[in-house]
file input-v9.cif (mmCIF, N, CA and C atoms)
data_structure
loop_
_atom_site.label_atom_id
_atom_site.label_comp_id
_atom_site.auth_asym_id
_atom_site.auth_seq_id
_atom_site.Cartn_x
_atom_site.Cartn_y
_atom_site.Cartn_z
N MET A 1 130.22 104.73 90.85
CA MET A 1 130.29 103.32 90.51
C MET A 1 130.17 103.18 89.00
N SER A 2 130.93 102.27 88.47
CA SER A 2 130.84 102.04 87.04
C SER A 2 129.54 101.31 86.71
N GLU A 3 129.08 101.51 85.50
CA GLU A 3 127.84 100.86 85.09
C GLU A 3 128.07 99.37 84.93
N LEU A 4 127.15 98.60 85.46
CA LEU A 4 127.27 97.15 85.40
C LEU A 4 126.64 96.62 84.12
N THR A 5 127.25 95.60 83.58
CA THR A 5 126.61 94.94 82.44
C THR A 5 125.48 94.07 82.98
N GLU A 6 124.51 93.84 82.14
CA GLU A 6 123.38 93.03 82.56
C GLU A 6 123.82 91.62 82.93
N SER A 7 124.77 91.08 82.18
CA SER A 7 125.22 89.71 82.47
C SER A 7 125.96 89.65 83.81
N ARG A 8 126.73 90.68 84.12
CA ARG A 8 127.43 90.69 85.41
C ARG A 8 126.43 90.83 86.56
N GLN A 9 125.43 91.69 86.38
CA GLN A 9 124.40 91.86 87.40
C GLN A 9 123.68 90.52 87.62
N THR A 10 123.38 89.83 86.53
CA THR A 10 122.73 88.51 86.63
C THR A 10 123.63 87.54 87.38
N SER A 11 124.93 87.60 87.12
CA SER A 11 125.88 86.73 87.83
C SER A 11 125.89 87.05 89.32
N TYR A 12 125.83 88.34 89.67
CA TYR A 12 125.77 88.74 91.08
C TYR A 12 124.53 88.12 91.75
N PHE A 13 123.38 88.27 91.09
CA PHE A 13 122.14 87.74 91.68
C PHE A 13 122.20 86.23 91.80
N SER A 14 122.77 85.55 90.83
CA SER A 14 122.91 84.09 90.89
C SER A 14 123.80 83.68 92.06
N LEU A 15 124.89 84.40 92.25
CA LEU A 15 125.80 84.10 93.35
C LEU A 15 125.12 84.36 94.70
N ILE A 16 124.39 85.45 94.81
CA ILE A 16 123.66 85.74 96.05
C ILE A 16 122.66 84.62 96.33
N ASP A 17 121.95 84.19 95.32
CA ASP A 17 120.98 83.10 95.47
C ASP A 17 121.67 81.83 95.93
N GLU A 18 122.81 81.54 95.33
CA GLU A 18 123.58 80.34 95.70
C GLU A 18 124.01 80.43 97.16
N LEU A 19 124.45 81.60 97.60
CA LEU A 19 124.88 81.78 98.98
C LEU A 19 123.70 81.63 99.95
N LEU A 20 122.53 82.10 99.55
CA LEU A 20 121.35 81.99 100.41
C LEU A 20 120.88 80.54 100.55
N GLN A 21 121.14 79.73 99.54
CA GLN A 21 120.63 78.35 99.54
C GLN A 21 121.66 77.32 100.01
N CYS A 22 122.89 77.70 100.12
CA CYS A 22 123.91 76.71 100.48
C CYS A 22 123.82 76.34 101.96
N PRO A 23 124.30 75.14 102.30
CA PRO A 23 124.34 74.75 103.71
C PRO A 23 125.24 75.70 104.50
N ASN A 24 124.86 75.95 105.74
CA ASN A 24 125.62 76.86 106.60
C ASN A 24 127.08 76.42 106.68
N GLY A 25 127.98 77.36 106.48
CA GLY A 25 129.41 77.09 106.56
C GLY A 25 130.08 76.90 105.21
N GLN A 26 129.30 76.73 104.14
CA GLN A 26 129.90 76.54 102.82
C GLN A 26 130.09 77.85 102.06
N GLU A 27 129.68 78.96 102.66
CA GLU A 27 129.80 80.26 101.98
C GLU A 27 131.23 80.57 101.55
N PRO A 28 132.24 80.36 102.40
CA PRO A 28 133.61 80.67 101.96
C PRO A 28 134.03 79.90 100.71
N GLU A 29 133.64 78.64 100.61
CA GLU A 29 133.99 77.83 99.44
C GLU A 29 133.33 78.39 98.19
N ILE A 30 132.07 78.79 98.31
CA ILE A 30 131.34 79.34 97.17
C ILE A 30 131.96 80.66 96.74
N LEU A 31 132.28 81.50 97.70
CA LEU A 31 132.90 82.79 97.38
C LEU A 31 134.27 82.59 96.72
N GLU A 32 135.02 81.62 97.23
CA GLU A 32 136.34 81.32 96.66
C GLU A 32 136.21 80.88 95.21
N ALA A 33 135.16 80.12 94.91
CA ALA A 33 134.95 79.63 93.55
C ALA A 33 134.50 80.73 92.59
N HIS A 34 134.08 81.85 93.15
CA HIS A 34 133.58 82.96 92.32
C HIS A 34 134.35 84.26 92.62
N LYS A 35 135.65 84.12 92.86
CA LYS A 35 136.47 85.29 93.20
C LYS A 35 136.36 86.41 92.18
N ASP A 36 136.14 86.04 90.92
CA ASP A 36 136.07 87.04 89.85
C ASP A 36 134.88 87.98 90.01
N LEU A 37 133.89 87.59 90.81
CA LEU A 37 132.70 88.44 91.01
C LEU A 37 132.77 89.29 92.28
N ILE A 38 133.76 89.02 93.12
CA ILE A 38 133.82 89.70 94.41
C ILE A 38 134.49 91.06 94.23
N ASP A 39 133.66 92.10 94.22
CA ASP A 39 134.16 93.47 94.09
C ASP A 39 133.18 94.42 94.76
N ALA A 40 133.45 95.70 94.70
CA ALA A 40 132.60 96.70 95.35
C ALA A 40 131.18 96.68 94.79
N ASN A 41 131.03 96.42 93.51
CA ASN A 41 129.70 96.36 92.91
C ASN A 41 128.91 95.17 93.45
N PHE A 42 129.59 94.06 93.68
CA PHE A 42 128.93 92.89 94.26
C PHE A 42 128.45 93.20 95.67
N VAL A 43 129.30 93.85 96.46
CA VAL A 43 128.92 94.22 97.82
C VAL A 43 127.71 95.14 97.80
N GLU A 44 127.71 96.10 96.91
CA GLU A 44 126.57 97.02 96.81
C GLU A 44 125.30 96.27 96.40
N THR A 45 125.43 95.30 95.51
CA THR A 45 124.28 94.50 95.09
C THR A 45 123.74 93.70 96.28
N ILE A 46 124.63 93.15 97.09
CA ILE A 46 124.20 92.41 98.29
C ILE A 46 123.40 93.34 99.20
N VAL A 47 123.89 94.56 99.40
CA VAL A 47 123.20 95.52 100.27
C VAL A 47 121.82 95.85 99.70
N GLN A 48 121.73 96.00 98.39
CA GLN A 48 120.43 96.28 97.77
C GLN A 48 119.45 95.13 97.98
N VAL A 49 119.93 93.91 97.80
CA VAL A 49 119.06 92.74 98.00
C VAL A 49 118.68 92.63 99.48
N ALA A 50 119.62 92.85 100.37
CA ALA A 50 119.34 92.79 101.81
C ALA A 50 118.29 93.82 102.20
N THR A 51 118.39 95.01 101.64
CA THR A 51 117.42 96.06 101.93
C THR A 51 116.03 95.66 101.42
N ALA A 52 115.99 95.09 100.22
CA ALA A 52 114.71 94.62 99.67
C ALA A 52 114.12 93.53 100.57
N PHE A 53 114.97 92.60 101.02
CA PHE A 53 114.49 91.55 101.92
C PHE A 53 113.90 92.15 103.19
N ALA A 54 114.58 93.14 103.75
CA ALA A 54 114.10 93.78 104.98
C ALA A 54 112.72 94.40 104.75
N HIS A 55 112.55 95.05 103.63
CA HIS A 55 111.27 95.68 103.31
C HIS A 55 110.17 94.64 103.08
N GLN A 56 110.56 93.44 102.65
CA GLN A 56 109.60 92.37 102.37
C GLN A 56 109.33 91.51 103.61
N GLY A 57 110.00 91.83 104.71
CA GLY A 57 109.79 91.07 105.93
C GLY A 57 110.66 89.85 106.09
N ASN A 58 111.63 89.66 105.22
CA ASN A 58 112.55 88.52 105.32
C ASN A 58 113.76 88.95 106.15
N GLN A 59 113.55 89.02 107.47
CA GLN A 59 114.60 89.52 108.35
C GLN A 59 115.82 88.60 108.40
N ASP A 60 115.60 87.29 108.38
CA ASP A 60 116.74 86.36 108.44
C ASP A 60 117.63 86.52 107.22
N GLY A 61 117.03 86.56 106.03
CA GLY A 61 117.80 86.74 104.80
C GLY A 61 118.50 88.08 104.79
N SER A 62 117.81 89.11 105.25
CA SER A 62 118.38 90.45 105.29
C SER A 62 119.59 90.52 106.22
N LYS A 63 119.45 89.97 107.41
CA LYS A 63 120.56 89.99 108.37
C LYS A 63 121.77 89.22 107.84
N PHE A 64 121.51 88.06 107.24
CA PHE A 64 122.60 87.27 106.68
C PHE A 64 123.33 88.06 105.59
N LEU A 65 122.57 88.69 104.70
CA LEU A 65 123.21 89.42 103.60
C LEU A 65 123.95 90.65 104.09
N PHE A 66 123.39 91.37 105.07
CA PHE A 66 124.12 92.52 105.61
C PHE A 66 125.42 92.06 106.27
N PHE A 67 125.37 90.94 107.00
CA PHE A 67 126.58 90.39 107.60
C PHE A 67 127.60 90.04 106.53
N LEU A 68 127.14 89.35 105.49
CA LEU A 68 128.03 88.96 104.40
C LEU A 68 128.63 90.19 103.72
N ALA A 69 127.81 91.19 103.47
CA ALA A 69 128.30 92.42 102.82
C ALA A 69 129.38 93.08 103.68
N ARG A 70 129.18 93.13 104.99
CA ARG A 70 130.19 93.73 105.88
C ARG A 70 131.50 92.96 105.81
N GLN A 71 131.41 91.62 105.83
CA GLN A 71 132.63 90.81 105.78
C GLN A 71 133.39 91.02 104.47
N LEU A 72 132.66 91.00 103.37
CA LEU A 72 133.31 91.21 102.07
C LEU A 72 133.87 92.62 101.97
N ALA A 73 133.14 93.59 102.47
CA ALA A 73 133.61 94.98 102.42
C ALA A 73 134.90 95.13 103.23
N LYS A 74 134.97 94.47 104.38
CA LYS A 74 136.21 94.50 105.17
C LYS A 74 137.36 93.95 104.35
N ASN A 75 137.12 92.80 103.71
CA ASN A 75 138.16 92.16 102.91
C ASN A 75 138.61 93.03 101.74
N LEU A 76 137.69 93.82 101.20
CA LEU A 76 137.99 94.68 100.05
C LEU A 76 138.46 96.07 100.47
N GLY A 77 138.48 96.35 101.77
CA GLY A 77 138.90 97.66 102.25
C GLY A 77 137.82 98.73 102.11
N LEU A 78 136.56 98.33 102.03
CA LEU A 78 135.45 99.26 101.85
C LEU A 78 134.64 99.46 103.12
N TYR A 79 135.01 98.83 104.18
CA TYR A 79 134.15 98.70 105.35
C TYR A 79 133.59 100.00 105.93
N PRO A 80 134.36 101.06 106.15
CA PRO A 80 133.77 102.23 106.82
C PRO A 80 132.55 102.80 106.09
N ASP A 81 132.62 102.94 104.78
CA ASP A 81 131.49 103.49 104.03
C ASP A 81 130.31 102.55 104.07
N LEU A 82 130.55 101.27 103.89
CA LEU A 82 129.46 100.30 103.84
C LEU A 82 128.80 100.17 105.21
N GLN A 83 129.58 100.18 106.27
CA GLN A 83 129.00 100.02 107.59
C GLN A 83 128.00 101.14 107.86
N GLN A 84 128.36 102.34 107.53
CA GLN A 84 127.45 103.46 107.73
C GLN A 84 126.20 103.28 106.87
N SER A 85 126.37 102.92 105.62
CA SER A 85 125.25 102.72 104.71
C SER A 85 124.37 101.58 105.19
N ALA A 86 124.96 100.47 105.57
CA ALA A 86 124.19 99.32 106.01
C ALA A 86 123.43 99.63 107.30
N THR A 87 124.06 100.38 108.20
CA THR A 87 123.40 100.76 109.44
C THR A 87 122.20 101.64 109.15
N ILE A 88 122.37 102.58 108.26
CA ILE A 88 121.26 103.48 107.90
C ILE A 88 120.15 102.66 107.25
N ASP A 89 120.48 101.78 106.31
CA ASP A 89 119.49 100.95 105.65
C ASP A 89 118.77 100.06 106.66
N SER A 90 119.53 99.47 107.56
CA SER A 90 118.97 98.56 108.55
C SER A 90 118.04 99.32 109.50
N GLU A 91 118.46 100.49 109.94
CA GLU A 91 117.62 101.29 110.84
C GLU A 91 116.34 101.72 110.13
N ALA A 92 116.45 102.10 108.87
CA ALA A 92 115.27 102.50 108.10
C ALA A 92 114.31 101.32 107.97
N ALA A 93 114.86 100.14 107.72
CA ALA A 93 114.01 98.95 107.58
C ALA A 93 113.32 98.60 108.89
N ASN A 94 114.03 98.80 110.01
CA ASN A 94 113.47 98.45 111.30
C ASN A 94 112.38 99.42 111.74
N GLN A 95 112.36 100.61 111.18
CA GLN A 95 111.37 101.61 111.56
C GLN A 95 110.04 101.39 110.84
N GLU A 96 110.04 100.55 109.83
CA GLU A 96 108.81 100.33 109.06
C GLU A 96 107.92 99.28 109.68
#

call {"tool": "encode", "arguments": {"input": "input-v9.cif", "output": "structure tokens"}}
result
Amino acid sequence: MSELTESRQTSYFSLIDELLQCPNGQEPEILEAHKDLIDANFVETIVQVATAFAHQGNQDGSKFLFFLARQLAKNLGLYPDLQQSATIDSEAANQE
């Protein structure tokens, strides 16, 4: 993976926060408005945040983010690798 700039990483976190706070069903509109941020690095950032949420006991947030990461990964053609990674992360979180 290429190294992320701090400003891009901040943009990823801002977008994730916006997605977590938006009313249910508005996620596609928000993602459409931020197409420039939707890439493999964004998906990986979502997985990292979802894993952190799982470790912190925020299962609802974690499940939502893993679901979102899978959907975006499918759209980007990354799904097989991410699915395996997300499953491993999810199983590890559930064992704690």

call {"tool": "select_by_dssp", "arguments": {"input": "input-v9.cif", "residues": "segment 9-67 of chain A", "states": "helix (DSSP H, G or I)", "output": "compact mmCIF listing (two decimals) with N, CA and C atoms, in the coordinates of the input"}}
result
# COMPACT_ATOMS: atom_id res chain seq x y z
N GLN A 9 125.43 91.69 86.38
CA GLN A 9 124.40 91.86 87.40
C GLN A 9 123.68 90.52 87.62
N THR A 10 123.38 89.83 86.53
CA THR A 10 122.73 88.51 86.63
C THR A 10 123.63 87.54 87.38
N SER A 11 124.93 87.60 87.12
CA SER A 11 125.88 86.73 87.83
C SER A 11 125.89 87.05 89.32
N TYR A 12 125.83 88.34 89.67
CA TYR A 12 125.77 88.74 91.08
C TYR A 12 124.53 88.12 91.75
N PHE A 13 123.38 88.27 91.09
CA PHE A 13 122.14 87.74 91.68
C PHE A 13 122.20 86.23 91.80
N SER A 14 122.77 85.55 90.83
CA SER A 14 122.91 84.09 90.89
C SER A 14 123.80 83.68 92.06
N LEU A 15 124.89 84.40 92.25
CA LEU A 15 125.80 84.10 93.35
C LEU A 15 125.12 84.36 94.70
N ILE A 16 124.39 85.45 94.81
CA ILE A 16 123.66 85.74 96.05
C ILE A 16 122.66 84.62 96.33
N ASP A 17 121.95 84.19 95.32
CA ASP A 17 120.98 83.10 95.47
C ASP A 17 121.67 81.83 95.93
N GLU A 18 122.81 81.54 95.33
CA GLU A 18 123.58 80.34 95.70
C GLU A 18 124.01 80.43 97.16
N LEU A 19 124.45 81.60 97.60
CA LEU A 19 124.88 81.78 98.98
C LEU A 19 123.70 81.63 99.95
N LEU A 20 122.53 82.10 99.55
CA LEU A 20 121.35 81.99 100.41
C LEU A 20 120.88 80.54 100.55
N GLN A 21 121.14 79.73 99.54
CA GLN A 21 120.63 78.35 99.54
C GLN A 21 121.66 77.32 100.01
N GLU A 27 129.68 78.96 102.66
CA GLU A 27 129.80 80.26 101.98
C GLU A 27 131.23 80.57 101.55
N PRO A 28 132.24 80.36 102.40
CA PRO A 28 133.61 80.67 101.96
C PRO A 28 134.03 79.90 100.71
N GLU A 29 133.64 78.64 100.61
CA GLU A 29 133.99 77.83 99.44
C GLU A 29 133.33 78.39 98.19
N ILE A 30 132.07 78.79 98.31
CA ILE A 30 131.34 79.34 97.17
C ILE A 30 131.96 80.66 96.74
N LEU A 31 132.28 81.50 97.70
CA LEU A 31 132.90 82.79 97.38
C LEU A 31 134.27 82.59 96.72
N GLU A 32 135.02 81.62 97.23
CA GLU A 32 136.34 81.32 96.66
C GLU A 32 136.21 80.88 95.21
N ALA A 33 135.16 80.12 94.91
CA ALA A 33 134.95 79.63 93.55
C ALA A 33 134.50 80.73 92.59
N LYS A 35 135.65 84.12 92.86
CA LYS A 35 136.47 85.29 93.20
C LYS A 35 136.36 86.41 92.18
N ASP A 36 136.14 86.04 90.92
CA ASP A 36 136.07 87.04 89.85
C ASP A 36 134.88 87.98 90.01
N LEU A 37 133.89 87.59 90.81
CA LEU A 37 132.70 88.44 91.01
C LEU A 37 132.77 89.29 92.28
N ALA A 40 133.45 95.70 94.70
CA ALA A 40 132.60 96.70 95.35
C ALA A 40 131.18 96.68 94.79
N ASN A 41 131.03 96.42 93.51
CA ASN A 41 129.70 96.36 92.91
C ASN A 41 128.91 95.17 93.45
N PHE A 42 129.59 94.06 93.68
CA PHE A 42 128.93 92.89 94.26
C PHE A 42 128.45 93.20 95.67
N VAL A 43 129.30 93.85 96.46
CA VAL A 43 128.92 94.22 97.82
C VAL A 43 127.71 95.14 97.80
N GLU A 44 127.71 96.10 96.91
CA GLU A 44 126.57 97.02 96.81
C GLU A 44 125.30 96.27 96.40
N THR A 45 125.43 95.30 95.51
CA THR A 45 124.28 94.50 95.09
C THR A 45 123.74 93.70 96.28
N ILE A 46 124.63 93.15 97.09
CA ILE A 46 124.20 92.41 98.29
C ILE A 46 123.40 93.34 99.20
N VAL A 47 123.89 94.56 99.40
CA VAL A 47 123.20 95.52 100.27
C VAL A 47 121.82 95.85 99.70
N GLN A 48 121.73 96.00 98.39
CA GLN A 48 120.43 96.28 97.77
C GLN A 48 119.45 95.13 97.98
N VAL A 49 119.93 93.91 97.80
CA VAL A 49 119.06 92.74 98.00
C VAL A 49 118.68 92.63 99.48
N ALA A 50 119.62 92.85 100.37
CA ALA A 50 119.34 92.79 101.81
C ALA A 50 118.29 93.82 102.20
N THR A 51 118.39 95.01 101.64
CA THR A 51 117.42 96.06 101.93
C THR A 51 116.03 95.66 101.42
N ALA A 52 115.99 95.09 100.22
CA ALA A 52 114.71 94.62 99.67
C ALA A 52 114.12 93.53 100.57
N PHE A 53 114.97 92.60 101.02
CA PHE A 53 114.49 91.55 101.92
C PHE A 53 113.90 92.15 103.19
N ALA A 54 114.58 93.14 103.75
CA ALA A 54 114.10 93.78 104.98
C ALA A 54 112.72 94.40 104.75
N HIS A 55 112.55 95.05 103.63
CA HIS A 55 111.27 95.68 103.31
C HIS A 55 110.17 94.64 103.08
N GLN A 59 113.55 89.02 107.47
CA GLN A 59 114.60 89.52 108.35
C GLN A 59 115.82 88.60 108.40
N ASP A 60 115.60 87.29 108.38
CA ASP A 60 116.74 86.36 108.44
C ASP A 60 117.63 86.52 107.22
N GLY A 61 117.03 86.56 106.03
CA GLY A 61 117.80 86.74 104.80
C GLY A 61 118.50 88.08 104.79
N SER A 62 117.81 89.11 105.25
CA SER A 62 118.38 90.45 105.29
C SER A 62 119.59 90.52 106.22
N LYS A 63 119.45 89.97 107.41
CA LYS A 63 120.56 89.99 108.37
C LYS A 63 121.77 89.22 107.84
N PHE A 64 121.51 88.06 107.24
CA PHE A 64 122.60 87.27 106.68
C PHE A 64 123.33 88.06 105.59
N LEU A 65 122.57 88.69 104.70
CA LEU A 65 123.21 89.42 103.60
C LEU A 65 123.95 90.65 104.09
N PHE A 66 123.39 91.37 105.07
CA PHE A 66 124.12 92.52 105.61
C PHE A 66 125.42 92.06 106.27
N PHE A 67 125.37 90.94 107.00
CA PHE A 67 126.58 90.39 107.60
C PHE A 67 127.60 90.04 106.53

call {"tool": "atom_distance", "arguments": {"input": "input-v9.cif", "atom1": "atom N of Gly57 of chain A", "atom2": "atom CA of Glu32 of chain A"}}
result
29.5 Å

call {"tool": "resolve_selection", "arguments": {"input": "input-v9.cif", "expression": "the PyMOL selection byres (((chain A and resi 53 and name CA) around 12) and name CA)", "output": "list of chain:residue names"}}
result
A:Leu20, A:Ile46, A:Val47, A:Gln48, A:Val49, A:Ala50, A:Thr51, A:Ala52, A:Ala54, A:His55, A:Gln56, A:Gly57, A:Asn58, A:Gln59, A:Asp60, A:Gly61, A:Ser62, A:Lys63, A:Phe64, A:Leu65, A:Phe66, A:Asp89, A:Ser90, A:Ala93, A:Asn94

call {"tool": "atom_distance", "arguments": {"input": "input-v9.cif", "atom1": "atom CA of Ala33 of chain A", "atom2": "atom CA of Asn75 of chain A"}}
result
16.0 Å

call {"tool": "atom_distance", "arguments": {"input": "input-v9.cif", "atom1": "atom C of Lys74 of chain A", "atom2": "atom C of Glu6 of chain A"}}
result
25.4 Å

call {"tool": "closest_residue", "arguments": {"input": "input-v9.cif", "among": "A:Asn41, A:Tyr12, A:Glu27, A:Ser7", "to": "Leu68 of chain A", "atoms": "only C-alpha atoms"}}
result
A:Glu27

call {"tool": "closest_residue", "arguments": {"input": "input-v9.cif", "among": "A:Ile16, A:Leu4, A:Leu78, A:Cys22", "to": "His34 of chain A", "atoms": "only C-alpha atoms"}}
result
A:Ile16

call {"tool": "build_atoms", "arguments": {"input": "input-v9.cif", "residues": "segment 17-38 of chain A", "atoms": "N, CA, C and O atoms", "output": "short mmCIF file (atom, residue, chain, number, x, y, z; two decimals), keeping the file's coordinate frame"}}
result
data_model
loop_
_atom_site.label_atom_id
_atom_site.label_comp_id
_atom_site.auth_asym_id
_atom_site.auth_seq_id
_atom_site.Cartn_x
_atom_site.Cartn_y
_atom_site.Cartn_z
N ASP A 17 121.95 84.19 95.32
CA ASP A 17 120.98 83.10 95.47
C ASP A 17 121.67 81.83 95.93
O ASP A 17 121.20 81.13 96.83
N GLU A 18 122.81 81.54 95.33
CA GLU A 18 123.58 80.34 95.70
C GLU A 18 124.01 80.43 97.16
O GLU A 18 123.93 79.44 97.91
N LEU A 19 124.45 81.60 97.60
CA LEU A 19 124.88 81.78 98.98
C LEU A 19 123.70 81.63 99.95
O LEU A 19 123.86 81.09 101.05
N LEU A 20 122.53 82.10 99.55
CA LEU A 20 121.35 81.99 100.41
C LEU A 20 120.88 80.54 100.55
O LEU A 20 120.31 80.17 101.57
N GLN A 21 121.14 79.73 99.54
CA GLN A 21 120.63 78.35 99.54
C GLN A 21 121.66 77.32 100.01
O GLN A 21 121.28 76.17 100.28
N CYS A 22 122.89 77.70 100.12
CA CYS A 22 123.91 76.71 100.48
C CYS A 22 123.82 76.34 101.96
O CYS A 22 123.31 77.11 102.78
N PRO A 23 124.30 75.14 102.30
CA PRO A 23 124.34 74.75 103.71
C PRO A 23 125.24 75.70 104.50
O PRO A 23 126.24 76.21 103.98
N ASN A 24 124.86 75.95 105.74
CA ASN A 24 125.62 76.86 106.60
C ASN A 24 127.08 76.42 106.68
O ASN A 24 127.37 75.24 106.87
N GLY A 25 127.98 77.36 106.48
CA GLY A 25 129.41 77.09 106.56
C GLY A 25 130.08 76.90 105.21
O GLY A 25 131.31 76.90 105.13
N GLN A 26 129.30 76.73 104.14
CA GLN A 26 129.90 76.54 102.82
C GLN A 26 130.09 77.85 102.06
O GLN A 26 130.62 77.85 100.95
N GLU A 27 129.68 78.96 102.66
CA GLU A 27 129.80 80.26 101.98
C GLU A 27 131.23 80.57 101.55
O GLU A 27 131.43 81.02 100.41
N PRO A 28 132.24 80.36 102.40
CA PRO A 28 133.61 80.67 101.96
C PRO A 28 134.03 79.90 100.71
O PRO A 28 134.70 80.45 99.83
N GLU A 29 133.64 78.64 100.61
CA GLU A 29 133.99 77.83 99.44
C GLU A 29 133.33 78.39 98.19
O GLU A 29 133.95 78.47 97.12
N ILE A 30 132.07 78.79 98.31
CA ILE A 30 131.34 79.34 97.17
C ILE A 30 131.96 80.66 96.74
O ILE A 30 132.17 80.90 95.54
N LEU A 31 132.28 81.50 97.70
CA LEU A 31 132.90 82.79 97.38
C LEU A 31 134.27 82.59 96.72
O LEU A 31 134.62 83.28 95.78
N GLU A 32 135.02 81.62 97.23
CA GLU A 32 136.34 81.32 96.66
C GLU A 32 136.21 80.88 95.21
O GLU A 32 137.03 81.24 94.35
N ALA A 33 135.16 80.12 94.91
CA ALA A 33 134.95 79.63 93.55
C ALA A 33 134.50 80.73 92.59
O ALA A 33 134.55 80.55 91.38
N HIS A 34 134.08 81.85 93.15
CA HIS A 34 133.58 82.96 92.32
C HIS A 34 134.35 84.26 92.62
O HIS A 34 133.76 85.34 92.62
N LYS A 35 135.65 84.12 92.86
CA LYS A 35 136.47 85.29 93.20
C LYS A 35 136.36 86.41 92.18
O LYS A 35 136.47 87.58 92.51
N ASP A 36 136.14 86.04 90.92
CA ASP A 36 136.07 87.04 89.85
C ASP A 36 134.88 87.98 90.01
O ASP A 36 134.86 89.07 89.43
N LEU A 37 133.89 87.59 90.81
CA LEU A 37 132.70 88.44 91.01
C LEU A 37 132.77 89.29 92.28
O LEU A 37 131.91 90.15 92.49
N ILE A 38 133.76 89.02 93.12
CA ILE A 38 133.82 89.70 94.41
C ILE A 38 134.49 91.06 94.23
O ILE A 38 135.71 91.17 94.10
#
